[in-house]
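K.L.:
mmCIF, C-alpha atoms; chains and numbers go by the auth columns, saved as model18.cif, coming up:
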data_upload
loop_
_atom_site.group_PDB
_atom_site.id
_atom_site.type_symbol
_atom_site.label_atom_id
_atom_site.label_comp_id
_atom_site.label_asym_id
_atom_site.label_seq_id
_atom_site.Cartn_x
_atom_site.Cartn_y
_atom_site.Cartn_z
_atom_site.B_iso_or_equiv
_atom_site.auth_seq_id
_atom_site.auth_asym_id
ATOM 1 C CA MET A 1 50.452 56.603 27.132 0.00 87 A
ATOM 2 C CA THR A 2 48.688 53.473 28.265 0.00 88 A
ATOM 3 C CA ASP A 3 50.321 50.859 30.482 0.00 89 A
ATOM 4 C CA ASP A 4 50.483 48.387 27.599 0.00 90 A
ATOM 5 C CA VAL A 5 52.286 50.832 25.325 0.00 91 A
ATOM 6 C CA ARG A 6 54.627 51.809 28.161 0.00 92 A
ATOM 7 C CA ASN A 7 55.494 48.156 28.793 0.00 93 A
ATOM 8 C CA ILE A 8 56.168 47.567 25.100 0.00 94 A
ATOM 9 C CA VAL A 9 58.468 50.613 24.911 0.00 95 A
ATOM 10 C CA LEU A 10 60.297 49.674 28.076 0.00 96 A
ATOM 11 C CA GLY A 11 60.692 46.084 26.819 0.00 97 A
ATOM 12 C CA ALA A 12 62.087 47.316 23.508 0.00 98 A
ATOM 13 C CA ILE A 13 64.536 49.609 25.320 0.00 99 A
ATOM 14 C CA ALA A 14 65.646 46.778 27.631 0.00 100 A
ATOM 15 C CA ALA A 15 66.107 44.434 24.669 0.00 101 A
ATOM 16 C CA GLY A 16 68.159 47.069 22.850 0.00 102 A
ATOM 17 C CA ILE A 17 70.354 47.668 25.899 0.00 103 A
ATOM 18 C CA SER A 18 70.870 43.920 26.391 0.00 104 A
ATOM 19 C CA ALA A 19 71.761 43.472 22.732 0.00 105 A
ATOM 20 C CA SER A 20 74.212 46.381 22.887 0.00 106 A
ATOM 21 C CA LEU A 21 75.859 45.066 26.037 0.00 107 A
ATOM 22 C CA GLY A 22 76.136 41.604 24.481 0.00 108 A
ATOM 23 C CA TRP A 23 77.713 43.052 21.348 0.00 109 A
ATOM 24 C CA LEU A 24 80.158 45.108 23.410 0.00 110 A
ATOM 25 C CA ALA A 25 81.095 42.043 25.478 0.00 111 A
ATOM 26 C CA ARG A 26 81.643 39.894 22.390 0.00 112 A
ATOM 27 C CA THR A 27 83.665 42.666 20.756 0.00 113 A
ATOM 28 C CA TYR A 28 85.814 43.053 23.880 0.00 114 A
ATOM 29 C CA LEU A 29 86.488 39.318 24.087 0.00 115 A
ATOM 30 C CA TRP A 30 87.247 39.132 20.357 0.00 116 A
ATOM 31 C CA ARG A 31 89.661 42.067 20.561 0.00 117 A
ATOM 32 C CA ARG A 32 91.308 40.608 23.670 0.00 118 A
ATOM 33 C CA LYS A 33 91.811 37.270 21.937 0.00 119 A
ATOM 34 C CA LEU A 34 93.173 39.025 18.844 0.00 120 A
ATOM 35 C CA ARG A 35 95.633 41.069 20.930 0.00 121 A
ATOM 36 C CA ARG A 36 96.881 37.910 22.648 0.00 122 A
ATOM 37 C CA LYS A 37 97.353 36.250 19.276 0.00 123 A
ATOM 38 C CA GLN A 38 99.200 39.275 17.906 0.00 124 A
ATOM 39 C CA VAL A 39 101.457 39.400 20.967 0.00 125 A
ATOM 40 C CA PHE A 40 102.339 35.714 20.818 0.00 126 A
ATOM 41 C CA PHE A 41 103.168 35.749 17.124 0.00 127 A
ATOM 42 C CA GLY A 42 104.751 39.205 17.164 0.00 128 A
ATOM 43 C CA LEU A 43 102.292 40.429 14.556 0.00 129 A
ATOM 44 C CA PRO A 44 100.699 43.776 15.403 0.00 130 A
ATOM 45 C CA ALA A 45 98.189 45.084 12.879 0.00 131 A
ATOM 46 C CA ASN A 46 99.696 46.081 9.509 0.00 132 A
ATOM 47 C CA SER A 47 103.105 44.675 10.440 0.00 133 A
ATOM 48 C CA GLU A 48 105.327 42.755 8.023 0.00 134 A
ATOM 49 C CA CYS A 49 106.679 39.238 8.518 0.00 135 A
ATOM 50 C CA LEU A 50 108.734 36.702 6.598 0.00 136 A
ATOM 51 C CA LEU A 51 107.594 33.315 5.369 0.00 137 A
ATOM 52 C CA VAL A 52 110.752 31.365 4.529 0.00 138 A
ATOM 53 C CA VAL A 53 109.961 28.629 2.030 0.00 139 A
ATOM 54 C CA ASN A 54 112.022 25.486 1.729 0.00 140 A
ATOM 55 C CA ARG A 55 112.335 23.230 -1.305 0.00 141 A
ATOM 56 C CA TYR A 56 111.286 19.687 -1.999 0.00 142 A
ATOM 57 C CA ALA A 57 114.279 17.523 -1.045 0.00 143 A
ATOM 58 C CA GLY A 58 115.849 16.197 -4.221 0.00 144 A
ATOM 59 C CA ALA A 59 114.095 18.664 -6.541 0.00 145 A
ATOM 60 C CA ASP A 60 114.892 22.216 -7.613 0.00 146 A
ATOM 61 C CA GLY A 61 112.387 25.008 -7.171 0.00 147 A
ATOM 62 C CA SER A 62 109.432 22.901 -6.025 0.00 148 A
ATOM 63 C CA VAL A 63 107.734 22.684 -2.631 0.00 149 A
ATOM 64 C CA HIS A 64 106.314 19.500 -1.113 0.00 150 A
ATOM 65 C CA ARG A 65 102.520 19.591 -0.942 0.00 151 A
ATOM 66 C CA HIS A 66 102.487 19.211 2.859 0.00 152 A
ATOM 67 C CA ASP A 67 104.902 22.140 3.146 0.00 153 A
ATOM 68 C CA ALA A 68 102.546 24.094 0.879 0.00 154 A
ATOM 69 C CA PHE A 69 99.694 23.215 3.253 0.00 155 A
ATOM 70 C CA ALA A 70 101.842 24.403 6.171 0.00 156 A
ATOM 71 C CA LEU A 71 102.406 27.730 4.414 0.00 157 A
ATOM 72 C CA LEU A 72 98.663 28.076 3.805 0.00 158 A
ATOM 73 C CA GLU A 73 97.962 27.514 7.511 0.00 159 A
ATOM 74 C CA LEU A 74 100.529 30.145 8.434 0.00 160 A
ATOM 75 C CA SER A 75 99.134 32.561 5.844 0.00 161 A
ATOM 76 C CA ALA A 76 95.662 32.250 7.389 0.00 162 A
ATOM 77 C CA LEU A 77 97.125 32.886 10.839 0.00 163 A
ATOM 78 C CA ILE A 78 98.978 35.976 9.599 0.00 164 A
ATOM 79 C CA LYS A 79 95.824 37.289 7.933 0.00 165 A
ATOM 80 C CA ASP A 80 93.865 36.821 11.187 0.00 166 A
ATOM 81 C CA CYS A 81 96.400 39.110 12.887 0.00 167 A
ATOM 82 C CA ALA A 82 95.881 41.763 10.176 0.00 168 A
ATOM 83 C CA ALA A 83 99.561 41.459 9.230 0.00 169 A
ATOM 84 C CA HIS A 84 101.277 40.998 5.876 0.00 170 A
ATOM 85 C CA ALA A 85 103.697 38.308 4.744 0.00 171 A
ATOM 86 C CA GLN A 86 106.664 38.517 2.440 0.00 172 A
ATOM 87 C CA ILE A 87 107.469 35.104 0.972 0.00 173 A
ATOM 88 C CA VAL A 88 111.158 34.383 0.388 0.00 174 A
ATOM 89 C CA THR A 89 112.984 31.226 -0.592 0.00 175 A
ATOM 90 C CA HIS A 90 115.374 29.722 1.919 0.00 176 A
ATOM 91 C CA ASP A 91 118.485 30.475 -0.157 0.00 177 A
ATOM 92 C CA THR A 92 117.648 34.160 -0.708 0.00 178 A
ATOM 93 C CA ALA A 93 116.719 35.110 2.877 0.00 179 A
ATOM 94 C CA GLN A 94 120.081 36.687 3.606 0.00 180 A
ATOM 95 C CA GLN A 95 119.159 38.979 6.465 0.00 181 A
ATOM 96 C CA GLY A 96 119.212 39.029 10.231 0.00 182 A
ATOM 97 C CA PHE A 97 116.360 38.262 12.578 0.00 183 A
ATOM 98 C CA GLY A 98 114.451 40.212 15.196 0.00 184 A
ATOM 99 C CA GLU A 99 113.199 43.151 13.139 0.00 185 A
ATOM 100 C CA ARG A 100 110.282 41.183 11.688 0.00 186 A
ATOM 101 C CA THR A 101 108.575 38.015 12.778 0.00 187 A
ATOM 102 C CA GLU A 102 109.826 35.058 10.763 0.00 188 A
ATOM 103 C CA PHE A 103 108.224 31.691 10.071 0.00 189 A
ATOM 104 C CA CYS A 104 110.789 29.194 8.796 0.00 190 A
ATOM 105 C CA VAL A 105 109.537 25.847 7.471 0.00 191 A
ATOM 106 C CA GLY A 106 111.485 22.660 6.742 0.00 192 A
ATOM 107 C CA GLY A 107 114.470 20.687 7.953 0.00 193 A
ATOM 108 C CA PRO A 108 118.108 21.603 7.298 0.00 194 A
ATOM 109 C CA MET A 109 118.261 19.286 4.264 0.00 195 A
ATOM 110 C CA SER A 110 115.729 21.398 2.380 0.00 196 A
ATOM 111 C CA ASN A 111 116.165 24.774 4.057 0.00 197 A
ATOM 112 C CA GLN A 112 119.531 26.528 4.367 0.00 198 A
ATOM 113 C CA ARG A 113 117.981 29.214 6.545 0.00 199 A
ATOM 114 C CA MET A 114 116.784 26.558 8.986 0.00 200 A
ATOM 115 C CA ALA A 115 120.285 25.043 9.109 0.00 201 A
ATOM 116 C CA ALA A 116 121.700 28.484 10.004 0.00 202 A
ATOM 117 C CA HIS A 117 119.074 29.035 12.720 0.00 203 A
ATOM 118 C CA LEU A 118 119.818 25.647 14.273 0.00 204 A
ATOM 119 C CA ARG A 119 123.550 26.367 14.393 0.00 205 A
ATOM 120 C CA THR A 120 123.041 29.845 15.858 0.00 206 A
ATOM 121 C CA LEU A 121 119.970 29.556 18.073 0.00 207 A
ATOM 122 C CA LEU A 122 119.695 25.847 18.923 0.00 208 A
ATOM 123 C CA PRO A 123 123.250 24.487 19.073 0.00 209 A
ATOM 124 C CA GLY A 124 122.150 21.517 21.165 0.00 210 A
ATOM 125 C CA VAL A 125 120.169 20.100 18.229 0.00 211 A
ATOM 126 C CA ARG A 126 121.827 17.795 15.729 0.00 212 A
ATOM 127 C CA ILE A 127 120.033 16.325 12.712 0.00 213 A
ATOM 128 C CA ASN A 128 121.523 13.547 10.631 0.00 214 A
ATOM 129 C CA ILE A 129 121.376 14.861 7.056 0.00 215 A
ATOM 130 C CA GLU A 130 123.320 11.999 5.496 0.00 216 A
ATOM 131 C CA GLN A 131 121.557 10.594 2.442 0.00 217 A
ATOM 132 C CA ASP A 132 122.613 6.997 3.074 0.00 218 A
ATOM 133 C CA PRO A 133 119.665 4.810 4.137 0.00 219 A
ATOM 134 C CA GLY A 134 119.774 3.537 7.686 0.00 220 A
ATOM 135 C CA PRO A 135 117.999 3.757 11.041 0.00 221 A
ATOM 136 C CA ASP A 136 119.625 7.097 11.887 0.00 222 A
ATOM 137 C CA ARG A 137 118.735 8.918 8.677 0.00 223 A
ATOM 138 C CA VAL A 138 117.181 12.318 9.618 0.00 224 A
ATOM 139 C CA ALA A 139 117.318 11.283 13.281 0.00 225 A
ATOM 140 C CA PHE A 140 117.151 14.138 15.798 0.00 226 A
ATOM 141 C CA GLN A 141 119.684 14.415 18.564 0.00 227 A
ATOM 142 C CA VAL A 142 118.535 16.834 21.258 0.00 228 A
ATOM 143 C CA GLY A 143 120.979 17.034 24.111 0.00 229 A
ATOM 144 C CA SER A 144 121.873 13.449 24.963 0.00 230 A
ATOM 145 C CA GLU A 145 118.749 11.894 23.413 0.00 231 A
ATOM 146 C CA ARG A 146 118.220 10.629 19.871 0.00 232 A
ATOM 147 C CA TYR A 147 114.838 10.367 18.141 0.00 233 A
ATOM 148 C CA ARG A 148 114.635 8.163 15.073 0.00 234 A
ATOM 149 C CA LEU A 149 112.175 8.384 12.224 0.00 235 A
ATOM 150 C CA GLU A 150 109.730 5.551 11.579 0.00 236 A
ATOM 151 C CA PRO A 151 107.922 6.759 8.424 0.00 237 A
ATOM 152 C CA GLY A 152 104.163 6.851 8.731 0.00 238 A
ATOM 153 C CA THR A 153 104.259 5.580 12.312 0.00 239 A
ATOM 154 C CA SER A 154 106.394 7.756 14.570 0.00 240 A
ATOM 155 C CA GLU A 155 107.839 11.020 13.272 0.00 241 A
ATOM 156 C CA TYR A 156 109.294 13.999 15.118 0.00 242 A
ATOM 157 C CA VAL A 157 109.249 17.743 14.621 0.00 243 A
ATOM 158 C CA LEU A 158 110.740 20.674 16.529 0.00 244 A
ATOM 159 C CA LEU A 159 108.497 23.663 17.151 0.00 245 A
ATOM 160 C CA ALA A 160 110.418 26.671 18.425 0.00 246 A
ATOM 161 C CA ARG A 161 109.642 30.294 19.209 0.00 247 A
ATOM 162 C CA LEU A 162 112.908 32.163 19.648 0.00 248 A
ATOM 163 C CA THR A 163 113.677 35.812 20.393 0.00 249 A
ATOM 164 C CA GLY A 164 116.894 37.754 20.615 0.00 250 A
ATOM 165 C CA GLY A 165 115.663 40.225 23.232 0.00 251 A
ATOM 166 C CA GLN A 166 112.681 41.891 24.868 0.00 252 A
ATOM 167 C CA GLU A 167 111.861 44.109 21.889 0.00 253 A
ATOM 168 C CA ALA A 168 112.885 41.646 19.172 0.00 254 A
ATOM 169 C CA ARG A 169 110.278 39.971 17.004 0.00 255 A
ATOM 170 C CA PRO A 170 110.204 36.164 17.294 0.00 256 A
ATOM 171 C CA VAL A 171 111.482 33.542 14.885 0.00 257 A
ATOM 172 C CA PHE A 172 109.264 30.467 14.590 0.00 258 A
ATOM 173 C CA LEU A 173 110.898 27.233 13.465 0.00 259 A
ATOM 174 C CA PHE A 174 108.954 24.260 12.120 0.00 260 A
ATOM 175 C CA CYS A 175 111.692 21.684 11.657 0.00 261 A
ATOM 176 C CA GLY A 176 110.412 18.181 10.968 0.00 262 A
ATOM 177 C CA GLN A 177 111.737 14.839 9.826 0.00 263 A
ATOM 178 C CA ARG A 178 109.170 14.822 6.988 0.00 264 A
ATOM 179 C CA ALA A 179 107.057 17.472 5.289 0.00 265 A
ATOM 180 C CA ILE A 180 103.869 16.206 6.918 0.00 266 A
ATOM 181 C CA THR A 181 105.405 16.876 10.342 0.00 267 A
ATOM 182 C CA ASN A 182 106.030 20.506 9.365 0.00 268 A
ATOM 183 C CA GLN A 183 102.330 20.843 8.604 0.00 269 A
ATOM 184 C CA ALA A 184 101.477 19.126 11.888 0.00 270 A
ATOM 185 C CA ALA A 185 103.595 21.658 13.818 0.00 271 A
ATOM 186 C CA THR A 186 101.982 24.681 12.132 0.00 272 A
ATOM 187 C CA ARG A 187 98.544 23.264 12.889 0.00 273 A
ATOM 188 C CA TYR A 188 99.569 22.564 16.489 0.00 274 A
ATOM 189 C CA VAL A 189 100.744 26.117 17.144 0.00 275 A
ATOM 190 C CA ALA A 190 97.649 27.616 15.500 0.00 276 A
ATOM 191 C CA ARG A 191 95.408 25.530 17.770 0.00 277 A
ATOM 192 C CA ASN A 192 97.408 25.871 20.987 0.00 278 A
ATOM 193 C CA TYR A 193 98.951 29.352 20.926 0.00 279 A
ATOM 194 C CA GLU A 194 96.843 30.568 23.873 0.00 280 A
ATOM 195 C CA LYS A 195 98.009 27.667 26.037 0.00 281 A
ATOM 196 C CA LEU A 196 101.603 28.256 24.930 0.00 282 A
ATOM 197 C CA LEU A 197 101.318 31.969 25.693 0.00 283 A
ATOM 198 C CA ARG A 198 100.037 31.264 29.203 0.00 284 A
ATOM 199 C CA LYS A 199 102.887 28.854 29.865 0.00 285 A
ATOM 200 C CA HIS A 200 105.823 30.605 28.176 0.00 286 A
ATOM 201 C CA GLY A 201 104.738 34.226 27.834 0.00 287 A
ATOM 202 C CA ASN A 202 107.038 36.088 25.443 0.00 288 A
ATOM 203 C CA LYS A 203 110.032 33.918 26.288 0.00 289 A
ATOM 204 C CA SER A 204 111.813 31.568 23.911 0.00 290 A
ATOM 205 C CA PHE A 205 110.878 27.911 23.898 0.00 291 A
ATOM 206 C CA CYS A 206 111.566 24.771 21.895 0.00 292 A
ATOM 207 C CA LEU A 207 109.128 21.847 21.954 0.00 293 A
ATOM 208 C CA LEU A 208 109.610 18.349 20.598 0.00 294 A
ATOM 209 C CA LEU A 209 106.428 16.927 19.074 0.00 295 A
ATOM 210 C CA LYS A 210 105.689 13.429 17.804 0.00 296 A
ATOM 211 C CA VAL A 211 103.313 12.879 14.894 0.00 297 A
ATOM 212 C CA VAL A 212 101.549 9.562 15.444 0.00 298 A
ATOM 213 C CA ASN A 213 100.476 7.239 12.620 0.00 299 A
ATOM 214 C CA SER A 214 100.459 9.878 9.894 0.00 300 A
ATOM 215 C CA GLN A 215 99.729 7.242 7.262 0.00 301 A
ATOM 216 C CA ALA A 216 96.261 6.907 8.799 0.00 302 A
ATOM 217 C CA TYR A 217 95.637 10.243 10.532 0.00 303 A
ATOM 218 C CA GLY A 218 97.707 12.683 8.490 0.00 304 A
ATOM 219 C CA PRO A 219 99.015 15.695 10.481 0.00 305 A
ATOM 220 C CA ASP A 220 96.195 15.694 13.041 0.00 306 A
ATOM 221 C CA VAL A 221 97.412 13.375 15.837 0.00 307 A
ATOM 222 C CA VAL A 222 100.300 15.088 17.622 0.00 308 A
ATOM 223 C CA GLU A 223 101.820 14.306 21.002 0.00 309 A
ATOM 224 C CA LEU A 224 103.983 16.661 23.020 0.00 310 A
ATOM 225 C CA VAL A 225 107.155 14.740 23.832 0.00 311 A
ATOM 226 C CA GLY A 226 108.499 17.541 25.979 0.00 312 A
ATOM 227 C CA ASP A 227 109.912 21.008 26.422 0.00 313 A
ATOM 228 C CA VAL A 228 113.536 20.703 25.247 0.00 314 A
ATOM 229 C CA THR A 229 114.442 24.390 25.406 0.00 315 A
ATOM 230 C CA ARG A 230 117.323 23.990 27.826 0.00 316 A
ATOM 231 C CA GLU A 231 118.842 21.010 25.999 0.00 317 A
ATOM 232 C CA ALA A 232 118.413 22.605 22.571 0.00 318 A
ATOM 233 C CA GLN A 233 120.022 25.902 23.561 0.00 319 A
ATOM 234 C CA ALA A 234 122.982 24.281 25.331 0.00 320 A
ATOM 235 C CA PRO A 235 126.126 23.179 23.418 0.00 321 A
ATOM 236 C CA ALA A 236 125.793 19.724 21.898 0.00 322 A
ATOM 237 C CA PRO A 237 127.071 16.910 24.168 0.00 323 A
ATOM 238 C CA THR A 238 129.969 14.702 23.193 0.00 324 A
ATOM 239 C CA ALA A 239 128.650 11.505 24.828 0.00 325 A
ATOM 240 C CA PRO A 240 126.895 8.921 22.583 0.00 326 A
ATOM 241 C CA PRO A 241 123.146 9.691 22.535 0.00 327 A
ATOM 242 C CA ALA A 242 120.410 7.343 23.664 0.00 328 A
ATOM 243 C CA SER A 243 117.975 6.294 20.939 0.00 329 A
ATOM 244 C CA HIS A 244 114.173 6.494 21.033 0.00 330 A
ATOM 245 C CA ARG A 245 111.850 4.492 18.823 0.00 331 A
ATOM 246 C CA ALA A 246 108.110 4.159 18.646 0.00 332 A
ATOM 247 C CA GLY A 247 106.629 3.161 21.983 0.00 333 A
ATOM 248 C CA SER A 248 109.727 4.132 23.955 0.00 334 A
#
Could you render the structure as structure tokens?
P.N.:
Amino acid sequence: MTDDVRNIVLGAIAAGISASLGWLARTYLWRRKLRRKQVFFGLPANSECLLVVNRYAGADGSVHRHDAFALLELSALIKDCAAHAQIVTHDTAQQGFGERTEFCVGGPMSNQRMAAHLRTLLPGVRINIEQDPGPDRVAFQVGSERYRLEPGTSEYVLLARLTGGQEARPVFLFCGQRAITNQAATRYVARNYEKLLRKHGNKSFCLLLKVVNSQAYGPDVVELVGDVTREAQAPAPTAPPASHRAGS
């Protein structure tokens, strides 16, 4: 074998080894990222989860288009985890929580299941469900603070990951003042789950998000108002709440 042929063979072998090592590294990183995603969402491969669908407020049997978009985003996330979703309507999901991961979409006006979760898991949250028009319609009260809706300008949504124990599967709540805020929350958690996992681990949390200028930016511009886990899980206060409006 001449030196030239030997160099070509050795170069081919080195290139093959480098390519194999690169593939193994990429595969390891991909699998590590997938495992972290599965852990955060409680969705091991081939597991089952619940997608609890709300209804369009004021209509029977229909779903608002932004809630439909939220469900599509969650469906893609579930598929990425190699899990399977069972879709149930909010008024037929008469079962406990913790055995399967649950994604519950919509406020208590359009989702009875969400109303039950708020009463049981987040007693410090109050949402004004009165139909009368006024500045406090669908306002959130979290602890001693109140957050009012300004349609298209400043809208709030609660994003919660709640568990009943170390081995229990989580319940995810996407509870917004409008349907577009529900979609914004699902998009936020899909984009930021790694950051949330680093900060909260497998513990329960409840975040208050603000959707900014949705009439121009849709569900894409979201601000984190704060971590309200402690206030949301504590009994509701009796003192009059302080109000928050846009820019406050």
K.L.:
Which value, in Å to one decimal, gives the distance between CA of Ala320 (chain A) and CA of Ala276 (chain A)?
P.N.:
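Between CA of Ala320 (chain A) and CA of Ala276 (chain A) the gap works out to 27.4 Å.
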K.L.:
Between CA of Asp218 (chain A) and CA of Leu204 (chain A), what is the distance in Å, rounded to a tenth?
P.N.:
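CA of Leu204 (chain A) lies 21.9 Å from CA of Asp218 (chain A).
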K.L.:
I need the residue nearest Arg264 (chain A) from this list: A:Thr88, A:Thr249, A:Asn288, A:Ser240. Use all atoms listed in the file for the distance.
P.N.:
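Closest to Arg264 (chain A), using all atoms listed in the file: A:Ser240.
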K.L.:
Considering all atoms listed in the file, can you say which of A:Ala179, A:Val311, A:Ile215, A:Ala154 comes closest to Gln263 (chain A)?
P.N.:
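Looking at the shortest contact to Gln263 (chain A), the residue is A:Ile215.
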K.L.:
To verify the selection step, state as a PyMOL selection string which residues the PyMOL selection byres ((chain A and resi 308) around 7) yields on this input.
P.N.:
chain A and resi 295-298+306-307+309-310
K.L.:
Written as number ranges by chain, what is the full residue list that the PyMOL selection byres ((chain A and resi 221-232) around 12) yields on the file shown?
P.N.:
A: 193-196, 204, 208-220, 233-237, 240-244, 261-264, 292-296, 311-331, 334
K.L.:
Just write the chosen residues, C-alpha atoms, as a short mmCIF file (atom, residue, chain, number, x, y, z; two decimals), in the coordinates of the input.
P.N.:
data_model
loop_
_atom_site.label_atom_id
_atom_site.label_comp_id
_atom_site.auth_asym_id
_atom_site.auth_seq_id
_atom_site.Cartn_x
_atom_site.Cartn_y
_atom_site.Cartn_z
CA GLY A 193 114.47 20.69 7.95
CA PRO A 194 118.11 21.60 7.30
CA MET A 195 118.26 19.29 4.26
CA SER A 196 115.73 21.40 2.38
CA LEU A 204 119.82 25.65 14.27
CA LEU A 208 119.70 25.85 18.92
CA PRO A 209 123.25 24.49 19.07
CA GLY A 210 122.15 21.52 21.16
CA VAL A 211 120.17 20.10 18.23
CA ARG A 212 121.83 17.80 15.73
CA ILE A 213 120.03 16.32 12.71
CA ASN A 214 121.52 13.55 10.63
CA ILE A 215 121.38 14.86 7.06
CA GLU A 216 123.32 12.00 5.50
CA GLN A 217 121.56 10.59 2.44
CA ASP A 218 122.61 7.00 3.07
CA PRO A 219 119.66 4.81 4.14
CA GLY A 220 119.77 3.54 7.69
CA TYR A 233 114.84 10.37 18.14
CA ARG A 234 114.64 8.16 15.07
CA LEU A 235 112.18 8.38 12.22
CA GLU A 236 109.73 5.55 11.58
CA PRO A 237 107.92 6.76 8.42
CA SER A 240 106.39 7.76 14.57
CA GLU A 241 107.84 11.02 13.27
CA TYR A 242 109.29 14.00 15.12
CA VAL A 243 109.25 17.74 14.62
CA LEU A 244 110.74 20.67 16.53
CA CYS A 261 111.69 21.68 11.66
CA GLY A 262 110.41 18.18 10.97
CA GLN A 263 111.74 14.84 9.83
CA ARG A 264 109.17 14.82 6.99
CA CYS A 292 111.57 24.77 21.90
CA LEU A 293 109.13 21.85 21.95
CA LEU A 294 109.61 18.35 20.60
CA LEU A 295 106.43 16.93 19.07
CA LYS A 296 105.69 13.43 17.80
CA VAL A 311 107.16 14.74 23.83
CA GLY A 312 108.50 17.54 25.98
CA ASP A 313 109.91 21.01 26.42
CA VAL A 314 113.54 20.70 25.25
CA THR A 315 114.44 24.39 25.41
CA ARG A 316 117.32 23.99 27.83
CA GLU A 317 118.84 21.01 26.00
CA ALA A 318 118.41 22.60 22.57
CA GLN A 319 120.02 25.90 23.56
CA ALA A 320 122.98 24.28 25.33
CA PRO A 321 126.13 23.18 23.42
CA ALA A 322 125.79 19.72 21.90
CA PRO A 323 127.07 16.91 24.17
CA THR A 324 129.97 14.70 23.19
CA ALA A 325 128.65 11.50 24.83
CA PRO A 326 126.90 8.92 22.58
CA PRO A 327 123.15 9.69 22.54
CA ALA A 328 120.41 7.34 23.66
CA SER A 329 117.98 6.29 20.94
CA HIS A 330 114.17 6.49 21.03
CA ARG A 331 111.85 4.49 18.82
CA SER A 334 109.73 4.13 23.96
#
K.L.:
From the set A:Glu134, A:Gly250, A:Arg186, A:His170, which residue has the shortest atom-to-atom contact distance to Thr206 (chain A), counting only C-alpha atoms?
P.N.:
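With only C-alpha atoms as the atom set, the closest residue is A:Gly250.
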K.L.:
Skipping near chain neighbours, those fewer than 3 positions away, what residues fall within 12 Å of Val191 (chain A) using all atoms listed in the file, listed as an MDAnalysis selection string?
P.N.:
chainID A and resid 136:142 149:150 152:160 173:176 188 194:201 203 243:246 257:272
K.L.:
Pull out every residue that the PyMOL selection byres ((chain A and resi 130) around 10) matches in the shown coordinates and put them as a VMD selection string.
P.N.:
chain A and resid 120 to 121 123 to 129 131 to 134 164 167 to 170
K.L.:
Save out the residues we just selected, C-alpha atoms, as a PDB file, in the coordinates of the input.
P.N.:
ATOM      1  CA  LEU A 120      93.173  39.025  18.844  1.00  0.00           C
ATOM      2  CA  ARG A 121      95.633  41.069  20.930  1.00  0.00           C
ATOM      3  CA  LYS A 123      97.353  36.250  19.276  1.00  0.00           C
ATOM      4  CA  GLN A 124      99.200  39.275  17.906  1.00  0.00           C
ATOM      5  CA  VAL A 125     101.457  39.400  20.967  1.00  0.00           C
ATOM      6  CA  PHE A 126     102.339  35.714  20.818  1.00  0.00           C
ATOM      7  CA  PHE A 127     103.168  35.749  17.124  1.00  0.00           C
ATOM      8  CA  GLY A 128     104.751  39.205  17.164  1.00  0.00           C
ATOM      9  CA  LEU A 129     102.292  40.429  14.556  1.00  0.00           C
ATOM     10  CA  ALA A 131      98.189  45.084  12.879  1.00  0.00           C
ATOM     11  CA  ASN A 132      99.696  46.081   9.509  1.00  0.00           C
ATOM     12  CA  SER A 133     103.105  44.675  10.440  1.00  0.00           C
ATOM     13  CA  GLU A 134     105.327  42.755   8.023  1.00  0.00           C
ATOM     14  CA  ILE A 164      98.978  35.976   9.599  1.00  0.00           C
ATOM     15  CA  CYS A 167      96.400  39.110  12.887  1.00  0.00           C
ATOM     16  CA  ALA A 168      95.881  41.763  10.176  1.00  0.00           C
ATOM     17  CA  ALA A 169      99.561  41.459   9.230  1.00  0.00           C
ATOM     18  CA  HIS A 170     101.277  40.998   5.876  1.00  0.00           C
TER      19      HIS A 170
END
K.L.:
Report, in Å with one decimal, the straight-line distance from CA of Gly304 (chain A) to CA of Arg151 (chain A).
P.N.:
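Interatomic distance, CA of Gly304 (chain A) to CA of Arg151 (chain A): 12.6 Å.
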